[in-house]
$ cat run_0.txt   # compact mmCIF, C-alpha atoms
# COMPACT_ATOMS: atom_id res chain seq x y z
CA MET A 1 52.42 -92.04 -8.26
CA LYS A 2 48.84 -92.02 -9.43
CA ASP A 3 47.35 -89.48 -11.81
CA ASN A 4 45.79 -87.38 -9.06
CA PHE A 5 49.18 -86.34 -7.64
CA THR A 6 51.69 -83.79 -8.89
CA ALA A 7 55.36 -83.45 -7.94
CA VAL A 8 56.07 -80.25 -6.00
CA ALA A 9 59.48 -80.74 -4.35
CA ARG A 10 62.54 -82.96 -3.90
CA VAL A 11 64.25 -83.83 -0.63
CA GLY A 12 67.90 -82.83 -0.88
CA LYS A 13 69.79 -83.66 2.30
CA LEU A 14 69.55 -83.89 6.05
CA PHE A 15 69.42 -80.52 7.75
CA GLY A 16 69.23 -79.21 11.28
CA GLN A 17 70.10 -80.65 14.63
CA ALA A 18 71.38 -84.20 14.81
CA ASP A 19 68.33 -85.61 16.63
CA THR A 20 65.43 -83.99 14.73
CA GLY A 21 65.43 -85.65 11.32
CA GLY A 22 65.10 -82.35 9.48
CA VAL A 23 65.63 -82.23 5.73
CA SER A 24 66.41 -79.56 3.19
CA VAL A 25 63.86 -79.48 0.36
CA THR A 26 64.00 -77.93 -3.11
CA LEU A 27 60.58 -76.57 -4.06
CA TYR A 28 59.42 -76.78 -7.66
CA THR A 29 57.44 -74.03 -9.36
CA THR A 30 54.40 -76.29 -8.91
CA PHE A 31 54.62 -75.98 -5.12
CA PRO A 32 51.36 -74.31 -4.02
CA GLU A 33 51.64 -70.80 -2.60
CA ASP A 34 48.73 -71.52 -0.26
CA PHE A 35 50.31 -74.67 1.24
CA ASP A 36 49.36 -74.87 4.93
CA PRO A 37 51.90 -77.06 6.78
CA GLN A 38 49.54 -77.33 9.77
CA ASN A 39 46.74 -78.91 7.74
CA ASP A 40 48.02 -80.02 4.33
CA ALA A 41 49.93 -83.22 3.70
CA LEU A 42 52.75 -83.84 1.28
CA PHE A 43 53.08 -87.33 -0.14
CA VAL A 44 56.06 -89.53 -0.95
CA ASP A 45 56.13 -92.67 -3.08
CA ILE A 46 57.30 -95.60 -0.95
CA ASN A 47 56.98 -99.04 -2.55
CA SER A 48 54.42 -97.66 -5.04
CA LEU A 49 52.23 -96.34 -2.23
CA ALA A 50 51.38 -92.68 -1.67
CA VAL A 51 52.49 -92.15 1.93
CA PRO A 52 51.27 -88.91 3.55
CA LEU A 53 53.85 -86.75 5.31
CA TYR A 54 52.70 -84.24 7.90
CA CYS A 55 54.97 -81.34 8.80
CA ASP A 56 56.06 -80.75 12.37
CA LYS A 57 58.10 -77.79 11.13
CA PHE A 58 58.17 -76.02 7.77
CA GLU A 59 60.39 -72.98 7.13
CA ARG A 60 60.57 -71.42 3.68
CA ARG A 61 64.09 -70.53 2.56
CA GLY A 62 63.81 -68.14 -0.34
CA VAL A 63 61.65 -68.87 -3.36
CA SER A 64 62.71 -72.45 -4.01
CA GLY A 65 63.79 -73.90 -0.70
CA ALA A 66 62.50 -75.03 2.67
CA ASN A 67 63.72 -76.79 5.79
CA VAL A 68 61.22 -79.37 6.93
CA GLU A 69 60.73 -81.78 9.81
CA PHE A 70 58.14 -84.49 9.26
CA ALA A 71 56.18 -86.35 11.91
CA ASP A 72 57.09 -90.05 11.86
CA PHE A 73 60.44 -89.26 10.19
CA ASP A 74 61.83 -87.68 13.35
CA THR A 75 65.32 -89.21 13.45
CA PRO A 76 68.20 -88.77 11.04
CA ARG A 77 68.06 -92.46 10.19
CA ARG A 78 64.36 -92.25 9.26
CA ALA A 79 64.79 -88.92 7.44
CA GLU A 80 67.62 -90.44 5.37
CA GLU A 81 64.96 -92.64 3.71
CA LEU A 82 63.47 -89.48 2.16
CA VAL A 83 66.69 -88.06 0.70
CA GLY A 84 66.47 -87.92 -3.09
CA LYS A 85 62.73 -88.61 -3.19
CA GLU A 86 60.16 -86.36 -4.78
CA LEU A 87 57.31 -84.94 -2.73
CA TYR A 88 53.80 -84.69 -4.13
CA ILE A 89 50.49 -83.04 -3.37
CA GLU A 90 47.13 -84.56 -4.10
CA LEU A 91 45.22 -82.73 -6.79
CA GLU A 92 41.63 -81.81 -6.19
CA GLU A 93 39.32 -83.52 -8.59
CA GLU A 94 37.98 -81.09 -11.12
CA ARG A 95 34.43 -81.43 -12.22
CA ASP A 96 33.02 -80.23 -15.51
CA ASP A 97 30.89 -77.11 -15.16
CA ASP A 98 27.75 -79.06 -15.97
CA GLU A 99 28.57 -82.01 -13.70
CA PHE A 100 27.03 -82.25 -10.24
CA TYR A 101 25.90 -84.78 -7.68
CA MET A 102 22.26 -85.13 -6.73
CA GLU A 103 23.26 -84.48 -3.09
CA ASP A 104 24.36 -81.01 -4.25
CA LEU A 105 20.68 -80.17 -4.80
CA ILE A 106 19.71 -80.48 -1.13
CA GLY A 107 18.49 -77.06 0.00
CA PHE A 108 17.35 -76.00 -3.47
CA ARG A 109 13.87 -74.46 -3.76
CA VAL A 110 11.47 -76.48 -5.90
CA THR A 111 8.65 -75.29 -8.12
CA ALA A 112 6.27 -77.96 -9.40
CA GLY A 113 3.20 -76.39 -10.99
CA LYS A 114 1.53 -74.39 -8.18
CA LEU A 115 3.52 -76.17 -5.47
CA ARG A 116 6.53 -74.52 -3.83
CA GLY A 117 8.94 -76.46 -1.64
CA GLU A 118 12.51 -77.37 -0.84
CA ILE A 119 14.64 -80.45 -1.34
CA VAL A 120 15.43 -81.63 2.18
CA ASP A 121 17.12 -84.96 1.40
CA PHE A 122 18.33 -87.30 -1.31
CA TYR A 123 17.98 -91.06 -1.07
CA ASP A 124 20.51 -92.77 -3.30
CA SER A 125 19.42 -96.07 -4.74
CA GLU A 126 20.76 -97.70 -7.87
CA HIS A 127 17.26 -98.50 -9.14
CA ASN A 128 15.15 -95.67 -7.74
CA PRO A 129 16.94 -92.57 -6.42
CA LEU A 130 14.55 -90.21 -4.65
CA PHE A 131 14.40 -86.58 -3.61
CA GLY A 132 12.84 -85.81 -0.25
CA VAL A 133 10.89 -82.61 -0.93
CA ASP A 134 8.98 -80.62 1.67
CA PHE A 135 6.05 -78.69 0.18
CA GLY A 136 5.05 -77.39 3.62
CA GLU A 137 3.21 -80.53 4.72
CA GLY A 138 6.17 -82.79 5.49
CA GLU A 139 8.58 -84.65 3.32
CA ARG A 140 7.29 -86.22 0.09
CA LEU A 141 9.35 -88.59 -2.02
CA ILE A 142 9.80 -87.76 -5.68
CA PRO A 143 11.81 -89.89 -8.10
CA ALA A 144 15.07 -88.14 -9.01
CA ALA A 145 14.42 -88.75 -12.67
CA GLU A 146 15.70 -86.58 -15.49
CA GLU A 147 12.27 -86.43 -17.11
CA PHE A 148 10.81 -84.73 -14.00
CA ILE A 149 13.42 -81.95 -13.94
CA ALA A 150 12.63 -79.16 -16.36
CA ALA A 151 15.35 -76.70 -15.27
CA ILE A 152 18.03 -76.20 -12.62
CA ASP A 153 19.44 -72.78 -11.75
CA PHE A 154 22.57 -73.29 -9.67
CA ASP A 155 23.07 -69.55 -9.07
CA LYS A 156 19.57 -69.07 -7.62
CA GLN A 157 19.48 -72.63 -6.18
CA THR A 158 16.12 -73.40 -7.74
CA ILE A 159 14.68 -76.37 -9.60
CA LYS A 160 11.61 -76.41 -11.80
CA MET A 161 9.95 -79.82 -11.89
CA VAL A 162 7.22 -81.19 -14.10
CA LEU A 163 5.51 -83.98 -12.18
CA PRO A 164 3.02 -86.46 -13.58
CA GLU A 165 -0.55 -85.97 -12.44
CA GLY A 166 -1.34 -87.95 -9.31
CA LEU A 167 2.28 -88.45 -8.21
CA LEU A 168 1.85 -86.48 -4.99
CA GLU A 169 -1.66 -87.72 -4.19
CA LEU A 170 -2.04 -90.02 -1.21
$ encode --input "run_0.txt" --output "structure tokens"
Amino acid sequence: MKDNFTAVARVGKLFGQADTGGVSVTLYTTFPEDFDPQNDALFVDINSLAVPLYCDKFERRGVSGANVEFADFDTPRRAEELVGKELYIELEEERDDDEFYMEDLIGFRVTAGKLRGEIVDFYDSEHNPLFGVDFGEGERLIPAAEEFIAAIDFDKQTIKMVLPEGLLEL
């Protein structure tokens, strides 16, 4: 499995009624306490591909066990393919504290000299990314350049910009 997955369980044996394809699963200590079987997927490595498994039924059995029925593995013959395989969850990508995307700044209040406004959009372009900033007279485009940003306060959602003279003139 790829780096952004972690093993959380192993399928032990078939379990349940003969026609359901249920399996008994041993949960590792890495199994998330907040796992939501209605919305979260588990993954299994099949032919070097991360195949998502969605739970039709998930019953915890003590601290380290569960009985599970997966959609698409709903017969004993299909469920047998999972026996002995590890189950994984996809890890959320962690970002450094100082890392952000320009799109994250939409909605931030902007101060540029005497002007006060708000970032209403971000236009991503490899050569000339732009902020759409509304200073109360409609959207104005400002280059999303590091040299124009004096300070960003993520807690207060504010940005202080230093713009070259004449940039906002028509």
$ residues_near_point --input "run_0.txt" --point "(53.5, -86.4, 4.7)" --cutoff "6 Å" --atoms "all atoms listed in the file" --output "PyMOL selection string"
chain A and resi 41-43+52-54
$ atom_distance --input "run_0.txt" --atom1 "CA of Val23 in chain A" --atom2 "CA of Glu92 in chain A"
26.8 Å
$ atom_distance --input "run_0.txt" --atom1 "CA of Glu103 in chain A" --atom2 "CA of Asn4 in chain A"
23.5 Å
$ atom_distance --input "run_0.txt" --atom1 "CA of Phe135 in chain A" --atom2 "CA of Glu118 in chain A"
6.7 Å
$ residues_around --input "run_0.txt" --residues "Asp40 in chain A" --least-positions-apart "2" --cutoff "12 Å" --atoms "all atoms listed in the file" --output "list in words"
Pro32, Asp34, Phe35, Asp36, Pro37, Gln38, Leu42, Phe43, Pro52, Leu53, Tyr54, Cys55, Asp56, Phe58, Tyr88, Ile89, Glu90 and Leu91 of chain A
$ build_atoms --input "run_0.txt" --residues "range 43-62 of chain A" --atoms "N, CA, C and O atoms" --output "tab-separated table (two decimals), in the frame of the given file"
chain	number	residue	atom	x	y	z
A	43	PHE	N	53.05	-85.89	0.03
A	43	PHE	CA	53.08	-87.33	-0.14
A	43	PHE	C	54.41	-87.75	-0.74
A	43	PHE	O	55.04	-86.98	-1.49
A	44	VAL	N	54.84	-88.96	-0.40
A	44	VAL	CA	56.06	-89.53	-0.95
A	44	VAL	C	55.72	-90.93	-1.43
A	44	VAL	O	54.88	-91.62	-0.85
A	45	ASP	N	56.35	-91.34	-2.52
A	45	ASP	CA	56.13	-92.67	-3.08
A	45	ASP	C	57.08	-93.64	-2.39
A	45	ASP	O	58.30	-93.56	-2.56
A	46	ILE	N	56.52	-94.55	-1.61
A	46	ILE	CA	57.30	-95.60	-0.95
A	46	ILE	C	56.68	-96.93	-1.34
A	46	ILE	O	55.52	-97.20	-1.03
A	47	ASN	N	57.46	-97.73	-2.06
A	47	ASN	CA	56.98	-99.04	-2.55
A	47	ASN	C	55.67	-98.91	-3.32
A	47	ASN	O	54.73	-99.67	-3.11
A	48	SER	N	55.59	-97.92	-4.19
A	48	SER	CA	54.42	-97.66	-5.04
A	48	SER	C	53.17	-97.27	-4.26
A	48	SER	O	52.06	-97.37	-4.77
A	49	LEU	N	53.35	-96.84	-3.03
A	49	LEU	CA	52.23	-96.34	-2.23
A	49	LEU	C	52.42	-94.86	-1.96
A	49	LEU	O	53.54	-94.41	-1.69
A	50	ALA	N	51.33	-94.10	-2.01
A	50	ALA	CA	51.38	-92.68	-1.67
A	50	ALA	C	51.29	-92.54	-0.16
A	50	ALA	O	50.23	-92.73	0.43
A	51	VAL	N	52.42	-92.25	0.48
A	51	VAL	CA	52.49	-92.15	1.93
A	51	VAL	C	52.39	-90.68	2.33
A	51	VAL	O	53.21	-89.87	1.89
A	52	PRO	N	51.39	-90.31	3.15
A	52	PRO	CA	51.27	-88.91	3.55
A	52	PRO	C	52.35	-88.52	4.56
A	52	PRO	O	52.71	-89.30	5.43
A	53	LEU	N	52.86	-87.31	4.39
A	53	LEU	CA	53.85	-86.75	5.31
A	53	LEU	C	53.26	-85.48	5.90
A	53	LEU	O	52.86	-84.57	5.17
A	54	TYR	N	53.21	-85.42	7.22
A	54	TYR	CA	52.70	-84.24	7.90
A	54	TYR	C	53.87	-83.48	8.51
A	54	TYR	O	54.78	-84.07	9.08
A	55	CYS	N	53.86	-82.17	8.36
A	55	CYS	CA	54.97	-81.34	8.80
A	55	CYS	C	54.86	-80.99	10.28
A	55	CYS	O	53.83	-80.49	10.73
A	56	ASP	N	55.95	-81.26	11.01
A	56	ASP	CA	56.06	-80.75	12.37
A	56	ASP	C	56.63	-79.33	12.31
A	56	ASP	O	56.32	-78.49	13.15
A	57	LYS	N	57.46	-79.10	11.29
A	57	LYS	CA	58.10	-77.79	11.13
A	57	LYS	C	58.30	-77.57	9.64
A	57	LYS	O	58.70	-78.47	8.91
A	58	PHE	N	58.01	-76.36	9.18
A	58	PHE	CA	58.17	-76.02	7.77
A	58	PHE	C	58.61	-74.56	7.68
A	58	PHE	O	57.85	-73.67	8.05
A	59	GLU	N	59.86	-74.34	7.26
A	59	GLU	CA	60.39	-72.98	7.13
A	59	GLU	C	60.83	-72.75	5.70
A	59	GLU	O	61.73	-73.41	5.20
A	60	ARG	N	60.18	-71.78	5.05
A	60	ARG	CA	60.57	-71.42	3.68
A	60	ARG	C	61.95	-70.79	3.72
A	60	ARG	O	62.28	-70.02	4.61
A	61	ARG	N	62.76	-71.11	2.75
A	61	ARG	CA	64.09	-70.53	2.56
A	61	ARG	C	64.17	-69.99	1.14
A	61	ARG	O	64.48	-70.73	0.21
A	62	GLY	N	63.82	-68.74	0.99
A	62	GLY	CA	63.81	-68.14	-0.34
A	62	GLY	C	62.63	-68.64	-1.15
A	62	GLY	O	61.66	-69.17	-0.62
